[in-house]
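Below is model.txt, which holds compact mmCIF, C-alpha atoms.
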# COMPACT_ATOMS: atom_id res chain seq x y z
CA MET A 1 -7.39 -12.06 28.48
CA ASP A 2 -5.75 -10.12 25.63
CA LEU A 3 -3.79 -12.67 23.62
CA GLY A 4 -1.19 -10.01 22.84
CA GLU A 5 -0.40 -9.72 26.54
CA GLU A 6 0.33 -13.46 26.69
CA LEU A 7 3.34 -13.00 24.41
CA PRO A 8 6.43 -12.07 26.42
CA PRO A 9 8.70 -9.40 24.91
CA SER A 10 11.11 -11.97 23.42
CA ALA A 11 8.23 -13.81 21.72
CA ARG A 12 6.85 -10.52 20.40
CA LEU A 13 10.25 -9.78 18.88
CA ARG A 14 10.35 -13.12 17.06
CA ALA A 15 6.74 -12.78 15.93
CA MET A 16 7.41 -9.31 14.54
CA ALA A 17 10.51 -10.66 12.77
CA ALA A 18 8.28 -13.18 10.96
CA VAL A 19 5.84 -10.40 10.04
CA ALA A 20 8.63 -8.02 9.00
CA ILE A 21 10.33 -10.47 6.61
CA ALA A 22 7.07 -11.28 4.82
CA ILE A 23 5.97 -7.64 4.58
CA ALA A 24 9.40 -6.61 3.32
CA MET A 25 9.15 -9.25 0.56
CA ALA A 26 5.66 -8.12 -0.47
CA VAL A 27 6.63 -4.43 -0.50
CA LEU A 28 9.84 -5.06 -2.41
CA ASP A 29 8.07 -7.06 -5.09
CA SER A 30 5.73 -4.14 -5.66
CA ALA A 31 8.72 -1.93 -6.45
CA ILE A 32 11.64 -3.92 -7.82
CA ALA A 33 9.80 -5.23 -10.89
CA ASN A 34 9.50 -1.65 -12.19
CA ILE A 35 13.28 -1.35 -12.32
CA ALA A 36 13.66 -4.67 -14.13
CA LEU A 37 11.01 -4.08 -16.84
CA PRO A 38 13.43 -2.86 -19.56
CA THR A 39 15.73 -5.82 -18.90
CA ILE A 40 12.85 -8.33 -18.91
CA ALA A 41 11.48 -6.85 -22.15
CA ARG A 42 14.86 -7.15 -23.83
CA ASP A 43 15.54 -10.65 -22.50
CA MET A 44 12.13 -11.98 -23.55
CA ALA A 45 11.93 -10.00 -26.80
CA SER A 46 8.62 -8.42 -25.77
CA THR A 47 7.23 -4.92 -26.17
CA PRO A 48 7.16 -2.44 -23.28
CA ALA A 49 3.35 -2.41 -23.43
CA ALA A 50 3.24 -6.18 -22.96
CA THR A 51 5.97 -6.24 -20.33
CA ILE A 52 4.16 -3.73 -18.12
CA TRP A 53 1.80 -6.58 -17.22
CA VAL A 54 4.60 -7.97 -15.03
CA VAL A 55 3.72 -5.05 -12.71
CA ASN A 56 0.01 -4.76 -13.46
CA ALA A 57 -0.71 -8.48 -12.94
CA TYR A 58 0.70 -8.39 -9.40
CA GLN A 59 -1.12 -5.19 -8.45
CA PHE A 60 -4.37 -6.42 -9.98
CA ALA A 61 -4.27 -9.75 -8.10
CA VAL A 62 -3.50 -8.05 -4.78
CA THR A 63 -6.32 -5.54 -5.13
CA VAL A 64 -9.12 -7.95 -6.11
CA SER A 65 -8.27 -10.54 -3.43
CA LEU A 66 -7.29 -8.36 -0.46
CA LEU A 67 -10.71 -8.03 1.21
CA PRO A 68 -11.76 -11.69 0.68
CA LEU A 69 -8.51 -12.97 2.18
CA ALA A 70 -8.77 -10.55 5.11
CA PHE A 71 -12.30 -11.85 5.72
CA LEU A 72 -11.04 -15.44 5.59
CA GLY A 73 -8.56 -14.43 8.28
CA ASP A 74 -11.49 -13.72 10.59
CA VAL A 75 -12.97 -17.15 9.77
CA PHE A 76 -9.90 -19.42 9.74
CA SER A 77 -7.48 -17.39 11.93
CA TYR A 78 -5.03 -14.74 10.83
CA LYS A 79 -2.02 -16.99 11.36
CA ARG A 80 -3.33 -19.61 8.95
CA ILE A 81 -4.17 -17.13 6.16
CA TYR A 82 -0.84 -15.38 6.72
CA MET A 83 1.13 -18.60 6.41
CA VAL A 84 -0.84 -19.79 3.37
CA GLY A 85 -0.29 -16.41 1.72
CA LEU A 86 3.41 -16.52 2.56
CA ALA A 87 3.76 -20.07 1.19
CA VAL A 88 1.94 -19.16 -2.04
CA PHE A 89 4.06 -16.02 -2.41
CA THR A 90 7.28 -17.99 -1.92
CA VAL A 91 6.38 -20.76 -4.38
CA ALA A 92 5.17 -18.20 -6.94
CA SER A 93 8.47 -16.32 -6.54
CA LEU A 94 10.27 -19.50 -7.59
CA GLY A 95 7.87 -19.74 -10.54
CA CYS A 96 8.73 -16.16 -11.54
CA ALA A 97 12.46 -16.88 -11.33
CA LEU A 98 12.11 -19.97 -13.54
CA SER A 99 9.69 -18.45 -16.08
CA PRO A 100 10.80 -19.25 -19.66
CA ASN A 101 8.62 -16.61 -21.33
CA LEU A 102 6.46 -13.57 -20.61
CA PRO A 103 3.03 -15.30 -20.39
CA VAL A 104 4.34 -17.73 -17.78
CA LEU A 105 5.95 -14.86 -15.85
CA VAL A 106 2.69 -12.88 -15.86
CA VAL A 107 0.71 -15.89 -14.59
CA ALA A 108 3.30 -16.46 -11.86
CA ARG A 109 3.01 -12.79 -10.89
CA VAL A 110 -0.79 -13.17 -10.59
CA VAL A 111 -0.29 -16.10 -8.20
CA GLN A 112 2.36 -14.13 -6.34
CA GLY A 113 -0.13 -11.25 -5.99
CA PHE A 114 -2.68 -13.55 -4.38
CA GLY A 115 0.00 -14.64 -1.91
CA GLY A 116 0.94 -11.01 -1.26
CA ALA A 117 -2.71 -10.19 -0.55
CA GLY A 118 -2.79 -12.99 2.04
CA ILE A 119 0.20 -11.38 3.76
CA MET A 120 -0.95 -7.76 3.54
CA GLY A 121 -4.62 -8.49 4.28
CA VAL A 122 -4.03 -9.76 7.83
CA ASN A 123 -0.63 -8.44 8.89
CA THR A 124 -1.98 -5.55 10.99
CA ALA A 125 -4.65 -7.85 12.45
CA LEU A 126 -1.84 -10.13 13.64
CA ILE A 127 0.00 -7.17 15.17
CA ARG A 128 -3.11 -6.48 17.21
CA PHE A 129 -2.70 -9.92 18.79
CA ILE A 130 1.09 -9.74 19.11
CA PHE A 131 1.12 -6.50 21.12
CA PRO A 132 -1.08 -5.59 24.09
CA ARG A 133 -3.58 -2.83 23.41
CA ALA A 134 -1.50 -0.27 25.30
CA GLN A 135 1.39 -0.86 22.88
CA LEU A 136 -0.55 -1.29 19.62
CA GLY A 137 0.75 2.00 18.24
CA ARG A 138 4.32 0.82 18.84
CA GLY A 139 3.68 -2.36 16.85
CA LEU A 140 2.01 -0.53 13.98
CA GLY A 141 4.79 2.05 14.00
CA PHE A 142 7.32 -0.75 13.55
CA ASN A 143 5.21 -2.11 10.69
CA ALA A 144 5.16 1.33 9.04
CA LEU A 145 8.93 1.49 9.51
CA ILE A 146 9.37 -1.77 7.56
CA VAL A 147 7.06 -0.63 4.75
CA ALA A 148 8.77 2.76 4.44
CA THR A 149 12.28 1.32 4.63
CA PHE A 150 11.82 -1.27 1.91
CA SER A 151 9.77 1.08 -0.26
CA ALA A 152 12.73 3.44 -0.16
CA LEU A 153 15.37 0.74 -0.63
CA GLY A 154 13.47 -1.14 -3.36
CA PRO A 155 15.00 0.61 -6.39
CA SER A 156 18.51 0.47 -4.92
CA ILE A 157 18.21 -3.22 -4.03
CA ALA A 158 16.90 -3.99 -7.52
CA ALA A 159 19.69 -2.00 -9.15
CA GLY A 160 22.28 -3.76 -6.98
CA ILE A 161 21.01 -7.24 -7.86
CA LEU A 162 20.77 -6.41 -11.57
CA SER A 163 24.35 -5.11 -11.56
CA ILE A 164 25.70 -8.55 -10.60
CA ALA A 165 23.00 -11.04 -11.67
CA SER A 166 20.07 -11.53 -14.04
CA TRP A 167 16.52 -10.30 -13.33
CA HIS A 168 15.54 -13.85 -12.29
CA TRP A 169 17.35 -13.32 -8.99
CA LEU A 170 15.00 -10.46 -8.08
CA PHE A 171 12.40 -13.18 -7.51
CA ALA A 172 14.65 -16.08 -6.52
CA ILE A 173 15.90 -14.19 -3.47
CA ASN A 174 12.39 -14.49 -1.99
CA VAL A 175 12.64 -18.28 -1.76
CA PRO A 176 15.13 -18.56 1.15
CA LEU A 177 13.63 -15.49 2.84
CA GLY A 178 10.15 -16.98 2.55
CA GLY A 179 11.38 -20.26 4.01
CA ILE A 180 12.85 -18.47 7.03
CA ALA A 181 9.67 -16.43 7.55
CA LEU A 182 7.50 -19.58 7.32
CA TRP A 183 9.68 -21.38 9.85
CA LEU A 184 9.45 -18.44 12.26
CA ALA A 185 5.72 -17.89 11.69
CA SER A 186 4.83 -21.51 12.39
CA ARG A 187 6.53 -21.31 15.78
CA VAL A 188 5.90 -17.84 17.15
CA LEU A 189 2.80 -16.23 15.61
CA PRO A 190 -0.16 -16.25 18.02
CA VAL A 191 -3.15 -18.49 17.30
CA THR A 192 -6.07 -16.08 17.04
CA PRO A 193 -9.77 -16.81 17.71
CA ARG A 194 -11.88 -17.98 14.78
CA ALA A 195 -15.12 -16.15 14.02
CA LYS A 196 -18.33 -18.11 13.39
CA HIS A 197 -19.59 -16.16 10.37
CA ARG A 198 -19.49 -17.70 6.90
CA PHE A 199 -17.68 -16.66 3.76
CA ASP A 200 -19.95 -15.30 1.03
CA VAL A 201 -18.60 -16.45 -2.37
CA LEU A 202 -20.90 -14.16 -4.37
CA SER A 203 -19.63 -11.12 -2.45
CA ALA A 204 -16.05 -12.15 -3.21
CA LEU A 205 -16.84 -12.40 -6.94
CA LEU A 206 -18.62 -9.05 -6.96
CA ASN A 207 -15.70 -7.51 -5.07
CA ALA A 208 -13.21 -8.84 -7.64
CA ALA A 209 -15.36 -7.63 -10.55
CA THR A 210 -15.82 -4.17 -9.02
CA PHE A 211 -12.17 -3.52 -8.26
CA GLY A 212 -10.98 -5.22 -11.46
CA LEU A 213 -13.21 -3.08 -13.68
CA LEU A 214 -12.36 0.05 -11.70
CA ILE A 215 -8.60 -0.50 -11.97
CA THR A 216 -8.66 -1.18 -15.72
CA ALA A 217 -11.00 1.79 -16.29
CA VAL A 218 -8.90 4.23 -14.27
CA ASP A 219 -5.70 2.96 -15.91
CA GLY A 220 -7.26 3.34 -19.37
CA LEU A 221 -8.68 6.81 -18.66
CA GLY A 222 -5.16 7.98 -17.83
CA ARG A 223 -4.13 7.25 -21.43
CA SER A 224 -7.34 7.84 -23.39
CA ARG A 225 -11.00 8.53 -22.79
CA GLY A 226 -12.63 6.24 -25.34
CA VAL A 227 -15.81 4.21 -25.36
CA ILE A 228 -14.13 1.15 -23.83
CA GLU A 229 -12.80 3.04 -20.81
CA ILE A 230 -16.12 4.81 -20.22
CA GLY A 231 -17.90 1.46 -20.50
CA GLU A 232 -15.56 -0.16 -18.00
CA LEU A 233 -16.12 2.69 -15.56
CA ALA A 234 -19.90 2.44 -15.97
CA ALA A 235 -19.75 -1.33 -15.47
CA ALA A 236 -17.63 -0.84 -12.33
CA LEU A 237 -20.22 1.56 -10.92
CA ILE A 238 -23.10 -0.82 -11.69
CA VAL A 239 -21.39 -3.92 -10.30
CA GLY A 240 -20.11 -1.90 -7.34
CA THR A 241 -23.62 -0.74 -6.52
CA ILE A 242 -24.85 -4.34 -6.56
CA PHE A 243 -21.88 -5.39 -4.43
CA ILE A 244 -22.44 -2.71 -1.79
CA SER A 245 -26.21 -3.29 -1.74
CA ARG A 246 -25.60 -6.98 -1.04
CA GLN A 247 -23.30 -6.13 1.87
CA PHE A 248 -26.15 -4.41 3.71
CA THR A 249 -28.14 -7.66 3.63
CA LEU A 250 -25.38 -9.71 5.31
CA THR A 251 -24.91 -10.06 9.05
CA VAL A 252 -21.13 -9.90 8.65
CA PRO A 253 -20.32 -8.33 5.26
CA LEU A 254 -17.16 -8.81 3.20
CA LEU A 255 -16.91 -5.06 2.68
CA PRO A 256 -17.28 -3.92 6.30
CA VAL A 257 -20.21 -1.54 5.80
CA ASP A 258 -21.20 -2.26 9.39
CA LEU A 259 -17.89 -0.84 10.58
CA PHE A 260 -18.38 2.24 8.41
CA ARG A 261 -21.30 3.08 10.70
CA ARG A 262 -18.60 3.85 13.27
CA PRO A 263 -17.59 7.44 12.48
CA VAL A 264 -13.99 6.97 13.62
CA PHE A 265 -13.50 3.96 11.32
CA ALA A 266 -15.08 5.64 8.29
CA LEU A 267 -13.15 8.90 8.81
CA SER A 268 -9.87 6.99 9.22
CA VAL A 269 -10.41 5.14 5.91
CA VAL A 270 -11.17 8.38 4.06
CA THR A 271 -8.17 10.08 5.65
CA SER A 272 -5.90 7.22 4.61
CA ILE A 273 -7.14 7.33 1.00
CA CYS A 274 -6.53 11.09 0.84
CA SER A 275 -3.00 10.76 2.21
CA PHE A 276 -1.99 8.07 -0.27
CA ILE A 277 -3.50 10.02 -3.19
CA ALA A 278 -1.28 12.96 -2.21
CA GLN A 279 1.83 10.85 -1.66
CA THR A 280 1.44 8.89 -4.90
CA ILE A 281 0.91 12.03 -6.97
CA ALA A 282 4.18 13.44 -5.65
CA TYR A 283 6.07 10.16 -6.06
CA VAL A 284 4.91 9.72 -9.69
CA ALA A 285 4.98 13.33 -10.93
CA LEU A 286 8.18 14.68 -9.40
CA PRO A 287 10.65 12.30 -11.15
CA PHE A 288 9.31 13.55 -14.52
CA TYR A 289 9.78 17.12 -13.34
CA PHE A 290 13.30 16.59 -12.03
CA GLN A 291 14.50 14.87 -15.20
CA ASN A 292 12.62 16.79 -17.90
CA VAL A 293 12.43 20.29 -16.41
CA SER A 294 15.33 20.54 -13.95
CA GLY A 295 17.63 18.37 -16.10
CA GLN A 296 18.62 15.93 -13.36
CA SER A 297 19.96 12.46 -14.15
CA GLN A 298 18.23 9.26 -13.06
CA VAL A 299 20.69 8.84 -10.20
CA GLU A 300 20.23 12.44 -9.09
CA THR A 301 16.46 12.04 -9.29
CA GLY A 302 16.64 8.99 -7.06
CA LEU A 303 18.67 10.91 -4.49
CA LEU A 304 16.31 13.88 -4.61
CA MET A 305 13.33 11.60 -3.91
CA THR A 306 15.11 9.95 -0.95
CA PRO A 307 14.48 12.54 1.84
CA TRP A 308 10.73 11.79 1.89
CA PRO A 309 10.90 8.02 2.64
CA ALA A 310 14.06 8.47 4.72
CA ILE A 311 12.25 10.82 7.11
CA VAL A 312 9.26 8.43 7.25
CA VAL A 313 11.62 5.66 8.39
CA ILE A 314 12.72 7.81 11.33
CA VAL A 315 9.38 9.35 12.26
CA ALA A 316 6.92 6.44 11.85
CA PRO A 317 8.01 4.46 14.95
CA ILE A 318 8.12 7.64 17.05
CA ALA A 319 4.61 8.59 15.93
CA GLY A 320 3.46 5.05 16.70
CA ARG A 321 4.64 5.31 20.28
CA LEU A 322 3.03 8.75 20.64
CA SER A 323 -0.29 7.35 19.39
CA ASP A 324 -0.37 5.06 22.44
CA ARG A 325 -0.53 8.20 24.61
CA TYR A 326 -2.19 10.96 22.57
CA PRO A 327 -5.31 11.11 20.32
CA ALA A 328 -4.60 9.73 16.84
CA GLY A 329 -6.98 12.31 15.35
CA LEU A 330 -4.80 15.10 16.73
CA LEU A 331 -1.51 13.51 15.64
CA GLY A 332 -2.89 12.62 12.21
CA SER A 333 -4.22 16.13 11.62
CA ALA A 334 -0.88 17.66 12.61
CA GLY A 335 0.95 15.25 10.31
CA LEU A 336 -1.27 15.97 7.32
CA GLY A 337 -0.97 19.68 8.04
CA LEU A 338 2.81 19.36 7.75
CA MET A 339 2.44 17.24 4.62
CA THR A 340 0.18 19.87 3.06
CA ALA A 341 2.72 22.58 3.87
CA GLY A 342 5.53 20.51 2.32
CA LEU A 343 3.51 19.92 -0.85
CA VAL A 344 2.72 23.64 -1.11
CA CYS A 345 6.45 24.34 -0.87
CA LEU A 346 7.11 21.80 -3.66
CA LEU A 347 4.37 23.40 -5.77
CA LEU A 348 5.98 26.84 -5.39
CA MET A 349 9.52 25.52 -5.92
CA PRO A 350 11.51 27.30 -8.68
CA SER A 351 12.29 25.21 -11.77
CA HIS A 352 16.04 25.20 -11.09
CA ALA A 353 16.03 24.86 -7.32
CA SER A 354 19.20 23.71 -5.59
CA TYR A 355 19.51 20.25 -4.09
CA THR A 356 19.12 21.77 -0.63
CA ASP A 357 15.94 23.62 -1.61
CA ILE A 358 14.43 20.40 -2.94
CA ALA A 359 15.61 18.26 -0.01
CA TRP A 360 14.02 20.34 2.75
CA ARG A 361 10.71 20.48 0.91
CA MET A 362 10.71 16.71 0.46
CA ALA A 363 11.73 16.28 4.11
CA ILE A 364 8.78 18.35 5.38
CA SER A 365 6.38 16.29 3.25
CA GLY A 366 7.90 13.04 4.53
CA LEU A 367 7.85 14.29 8.12
CA GLY A 368 4.14 15.00 7.85
CA PHE A 369 3.30 11.70 6.18
CA GLY A 370 5.35 9.71 8.68
CA PHE A 371 3.77 11.55 11.61
CA PHE A 372 0.31 10.77 10.23
CA GLN A 373 0.59 7.16 9.13
CA SER A 374 1.17 5.17 12.34
CA PRO A 375 -1.47 6.99 14.46
CA ASN A 376 -4.02 6.66 11.65
CA ASN A 377 -3.31 2.95 11.27
CA ARG A 378 -3.66 2.46 15.02
CA LEU A 379 -7.02 4.22 15.12
CA LEU A 380 -8.36 2.43 12.03
CA VAL A 381 -7.41 -1.07 13.18
CA GLY A 382 -8.18 -0.40 16.83
CA SER A 383 -11.67 0.95 16.12
CA ALA A 384 -12.78 -2.43 14.73
CA PRO A 385 -13.87 -5.14 17.21
CA ARG A 386 -11.15 -7.69 17.90
CA GLU A 387 -13.15 -10.43 16.16
CA ARG A 388 -13.28 -8.18 13.06
CA SER A 389 -9.57 -7.34 13.06
CA GLY A 390 -9.26 -8.91 9.61
CA ALA A 391 -11.83 -6.47 8.25
CA GLY A 392 -9.91 -3.55 9.75
CA SER A 393 -6.60 -4.84 8.40
CA GLY A 394 -8.09 -5.47 4.97
CA MET A 395 -9.59 -1.99 4.75
CA LEU A 396 -6.28 -0.47 5.82
CA SER A 397 -4.51 -2.08 2.84
CA THR A 398 -7.46 -1.45 0.50
CA ALA A 399 -7.44 2.26 1.40
CA ARG A 400 -3.73 2.41 0.57
CA LEU A 401 -4.15 0.67 -2.79
CA THR A 402 -7.21 2.78 -3.65
CA GLY A 403 -5.32 5.99 -2.89
CA GLN A 404 -2.30 4.85 -4.91
CA THR A 405 -4.47 3.88 -7.89
CA ILE A 406 -6.36 7.20 -7.88
CA GLY A 407 -3.12 9.16 -7.42
CA SER A 408 -1.43 7.50 -10.39
CA ALA A 409 -4.51 8.06 -12.56
CA LEU A 410 -4.65 11.75 -11.60
CA VAL A 411 -1.02 12.22 -12.64
CA ALA A 412 -1.73 10.57 -15.99
CA LEU A 413 -4.78 12.81 -16.40
CA THR A 414 -2.95 16.05 -15.60
CA PHE A 415 -0.03 15.15 -17.84
CA GLY A 416 -2.49 14.32 -20.60
CA LEU A 417 -4.15 17.73 -20.21
CA ALA A 418 -0.78 19.50 -20.19
CA GLY A 419 0.50 17.75 -23.32
CA THR A 420 4.24 18.23 -23.73
CA ASP A 421 4.47 20.87 -20.99
CA ILE A 422 5.82 18.68 -18.17
CA ALA A 423 6.21 21.63 -15.80
CA HIS A 424 2.55 22.61 -16.18
CA GLY A 425 1.44 18.99 -15.78
CA THR A 426 3.50 18.61 -12.60
CA HIS A 427 2.10 21.83 -11.14
CA LEU A 428 -1.46 20.67 -11.86
CA ALA A 429 -0.69 17.31 -10.24
CA LEU A 430 0.90 18.86 -7.16
CA GLY A 431 -2.08 21.19 -6.83
CA LEU A 432 -4.32 18.12 -6.62
CA ALA A 433 -1.90 16.57 -4.09
CA VAL A 434 -2.19 19.68 -1.90
CA LEU A 435 -5.98 19.47 -2.15
CA ALA A 436 -5.97 15.76 -1.22
CA ALA A 437 -3.66 16.27 1.78
CA ALA A 438 -5.64 19.29 3.02
CA THR A 439 -8.89 17.33 2.69
CA GLY A 440 -7.32 14.50 4.68
CA MET A 441 -6.26 16.96 7.38
CA ILE A 442 -9.82 18.30 7.72
CA VAL A 443 -11.35 14.81 7.76
CA SER A 444 -8.78 13.68 10.33
CA SER A 445 -9.67 16.55 12.65
CA LEU A 446 -13.32 15.44 12.62
CA ARG A 447 -12.23 12.30 14.49
CA LEU A 448 -11.55 14.39 17.60
CA ARG A 449 -15.30 14.88 17.93
CA ALA A 450 -16.22 11.40 16.72
CA GLY A 451 -13.84 9.48 18.91
Could you show the structure in this file as structure tokens?
Amino acid sequence: MDLGEELPPSARLRAMAAVAIAIAMAVLDSAIANIALPTIARDMASTPAATIWVVNAYQFAVTVSLLPLAFLGDVFSYKRIYMVGLAVFTVASLGCALSPNLPVLVVARVVQGFGGAGIMGVNTALIRFIFPRAQLGRGLGFNALIVATFSALGPSIAAGILSIASWHWLFAINVPLGGIALWLASRVLPVTPRAKHRFDVLSALLNAATFGLLITAVDGLGRSRGVIEIGELAAALIVGTIFISRQFTLTVPLLPVDLFRRPVFALSVVTSICSFIAQTIAYVALPFYFQNVSGQSQVETGLLMTPWPAIVVIVAPIAGRLSDRYPAGLLGSAGLGLMTAGLVCLLLMPSHASYTDIAWRMAISGLGFGFFQSPNNRLLVGSAPRERSGAGSGMLSTARLTGQTIGSALVALTFGLAGTDIAHGTHLALGLAVLAAATGMIVSSLRLRAG
């Protein structure tokens, strides 16, 4: 019997509350630290270059540990990994709040990132056991709603806290929230079956080395293209080749190469990466354009960026419900088609467009992304066997992080090529975003034949 069907509606609501609180914390901590960096640098008398590791350390730890922790969810149960990740995240948040200097704060952020990976690596796998299969899209739509909402509110929440308290409270606020989420999770999250396959330590180390080298190489190539960056990229390719080759020798691999033999799964991962490349390019490039070309203030820029995530908040749960009734390949293709159209409109936008002209272009892009995300997530997670739900959940988050990393690097590259011409750099970046979204739309449509 489907374990999700054993949870009555009231229990599902409480279980999703536990998931929502933890996901909201993890998403917020990916965003709020950016706002606090100048304050942290000033308070700790550190340079901006050094302080940026408050952000990089968290992102690095999440990326290198996401797949191993998702795999451990298959082995030890998703509930256990989720709760351990949530506990680590909460304790590390207290460590961040009490950090006396930058090195301690960076170490605490690394630990917090490992906890965040435990949360993000298995959260969609848990949703698969909270909701019955017929309502999986609804559950994933709610999850997308939480991610979009707190991604949009992150800067405002950070600014609000910093206006009345020190930066330490950005992390301290996680402690009571984490305690509540742990209390709920221990009582209402379903106990999922444990797989019999073993954890391969060497694969985990190769995974960490591959993604670690790739992230540092891509980040470095965005600023310069020296010998060190080229060497890191070459090392990432070599280690990555060894890592992938090893996966083909394992019965149940850490990187789910066996699931990639399923066309629907592979196409969904590629589609997700393309969509997040496009979204990240727009999110990173447009604020530079608004402030340096259009002459908008920081507050105005924030408001101009709001229609995109605001529309996602509205559309994602609706698209999730629709994905329970209609093919996700069709819905995803339509969504990415709209997103492509919105990005083309942003690319062709005049330099001194009115607020209304900017808002409707951002809204179309957000409408397309929101319409795509929930159906794609449902198809990706649902196409993996139930006993490999952790692998599906881990790849879902890994695809997002991979797309975001590539998107940020592409913006840095285009701005580097454009020099001081911000308008030209933004147009180059948005052109790549259009290409990524259109590619995603084409790949998504292939799932109609594959599925």
Closest atom pairs, residues of range 316-381 of chain A within 8 Å of range 134-158 of chain A, only C-alpha atoms, as JSON lines:
{"residue": "A:Ala316", "atom": "CA", "partner": "A:Gly141", "partner_atom": "CA", "distance": 5.3}
{"residue": "A:Pro317", "atom": "CA", "partner": "A:Gly141", "partner_atom": "CA", "distance": 4.1}
{"residue": "A:Ile318", "atom": "CA", "partner": "A:Gly141", "partner_atom": "CA", "distance": 7.2}
{"residue": "A:Ala319", "atom": "CA", "partner": "A:Gly141", "partner_atom": "CA", "distance": 6.8}
{"residue": "A:Gly320", "atom": "CA", "partner": "A:Gly141", "partner_atom": "CA", "distance": 4.2}
{"residue": "A:Arg321", "atom": "CA", "partner": "A:Arg138", "partner_atom": "CA", "distance": 4.7}
{"residue": "A:Leu322", "atom": "CA", "partner": "A:Gly137", "partner_atom": "CA", "distance": 7.5}
{"residue": "A:Ser323", "atom": "CA", "partner": "A:Gly137", "partner_atom": "CA", "distance": 5.6}
{"residue": "A:Asp324", "atom": "CA", "partner": "A:Gly137", "partner_atom": "CA", "distance": 5.3}
{"residue": "A:Gln373", "atom": "CA", "partner": "A:Ala144", "partner_atom": "CA", "distance": 7.4}
{"residue": "A:Ser374", "atom": "CA", "partner": "A:Gly141", "partner_atom": "CA", "distance": 5.1}
{"residue": "A:Pro375", "atom": "CA", "partner": "A:Gly137", "partner_atom": "CA", "distance": 6.6}
{"residue": "A:Asn377", "atom": "CA", "partner": "A:Leu140", "partner_atom": "CA", "distance": 6.9}
{"residue": "A:Arg378", "atom": "CA", "partner": "A:Gly137", "partner_atom": "CA", "distance": 5.5}
Once you have the residues from the selection above, write them out as a tab-separated table (two decimals), keeping the file's coordinate frame, restricted to C-alpha atoms.
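Result went into again24.tsv, see below:
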chain	number	residue	atom	x	y	z
A	316	ALA	CA	6.92	6.44	11.85
A	317	PRO	CA	8.01	4.46	14.95
A	318	ILE	CA	8.12	7.64	17.05
A	319	ALA	CA	4.61	8.59	15.93
A	320	GLY	CA	3.46	5.05	16.70
A	321	ARG	CA	4.64	5.31	20.28
A	322	LEU	CA	3.03	8.75	20.64
A	323	SER	CA	-0.29	7.35	19.39
A	324	ASP	CA	-0.37	5.06	22.44
A	373	GLN	CA	0.59	7.16	9.13
A	374	SER	CA	1.17	5.17	12.34
A	375	PRO	CA	-1.47	6.99	14.46
A	377	ASN	CA	-3.31	2.95	11.27
A	378	ARG	CA	-3.66	2.46	15.02
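Take CA of Ala20 in chain A and CA of Lys79 in chain A: the distance between them is 14.1 Å.
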Minimum-distance residue to Ala50 in chain A, chosen among A:Gly220, A:Pro103, A:Gly85, A:Pro307 (using all atoms listed in the file):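 When distances to Ala50 in chain A are compared using all atoms listed in the file, the smallest one comes from A:Pro103.
Nearest residue to Arg388 in chain A, choosing from A:Gly95, A:Pro256, A:Ile244, A:Ser46 and counting all atoms listed in the file: A:Pro256.
Across the model, the gap from CA of Phe265 in chain A to CA of Phe60 in chain A is 25.4 Å.
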With all atoms listed in the file as the counted atoms, please give the residues lying no more than 10 Å from Asp29 in chain A, apart from itself and same-chain residues fewer than 4 positions off, as a ChimeraX atom specification. /A:23-25,33-34,55,58-59,93,109,112-113,116,150-151,154,158,170-171,174
Could you give me, as JSON lines, a per-residue list for range 174-239 of chain A showing, wherever an atom lies at most 9 Å from an atom of range 65-69 of chain A, the closest pair of atoms and their distance in Å to one decimal, using all atoms listed in the file and sorting by chain then residue number from low to high?
{"residue": "A:Phe199", "atom": "CA", "partner": "A:Pro68", "partner_atom": "CA", "distance": 8.3}
{"residue": "A:Asp200", "atom": "CA", "partner": "A:Pro68", "partner_atom": "CA", "distance": 9.0}
{"residue": "A:Val201", "atom": "CA", "partner": "A:Pro68", "partner_atom": "CA", "distance": 8.9}
{"residue": "A:Ser203", "atom": "CA", "partner": "A:Pro68", "partner_atom": "CA", "distance": 8.5}
{"residue": "A:Ala204", "atom": "CA", "partner": "A:Pro68", "partner_atom": "CA", "distance": 5.8}
{"residue": "A:Asn207", "atom": "CA", "partner": "A:Leu67", "partner_atom": "CA", "distance": 8.0}
{"residue": "A:Ala208", "atom": "CA", "partner": "A:Ser65", "partner_atom": "CA", "distance": 6.7}
Take the residues from that selection and write them out as a PDB file, in the coordinates of the input, keeping C-alpha atoms.
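And here's out_23.pdb as it stands now:
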ATOM      1  CA  PHE A 199     -17.680 -16.660   3.760  1.00  0.00           C
ATOM      2  CA  ASP A 200     -19.950 -15.300   1.030  1.00  0.00           C
ATOM      3  CA  VAL A 201     -18.600 -16.450  -2.370  1.00  0.00           C
ATOM      4  CA  SER A 203     -19.630 -11.120  -2.450  1.00  0.00           C
ATOM      5  CA  ALA A 204     -16.050 -12.150  -3.210  1.00  0.00           C
ATOM      6  CA  ASN A 207     -15.700  -7.510  -5.070  1.00  0.00           C
ATOM      7  CA  ALA A 208     -13.210  -8.840  -7.640  1.00  0.00           C
TER       8      ALA A 208
END
When you count only C-alpha atoms, which of these residues is closest to Arg361 in chain A: A:Trp308, A:Phe288, A:Tyr326, A:Tyr283?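 Ranked by minimum distance to Arg361 in chain A, first place goes to A:Trp308.
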Residues within 6 Å of Gly115 in chain A, all atoms listed in the file, excluding chain neighbours under 6 positions, as JSON, numbers by chain: {"A": [85, 86, 88, 89]}
Which polymer residues have any atom within 9 Å of an atom of Ile358 in chain A, counting only C-alpha atoms, with same-chain residues fewer than 2 positions away left out, as a ChimeraX atom specification? /A:304-305,346,349,353-356,360-363
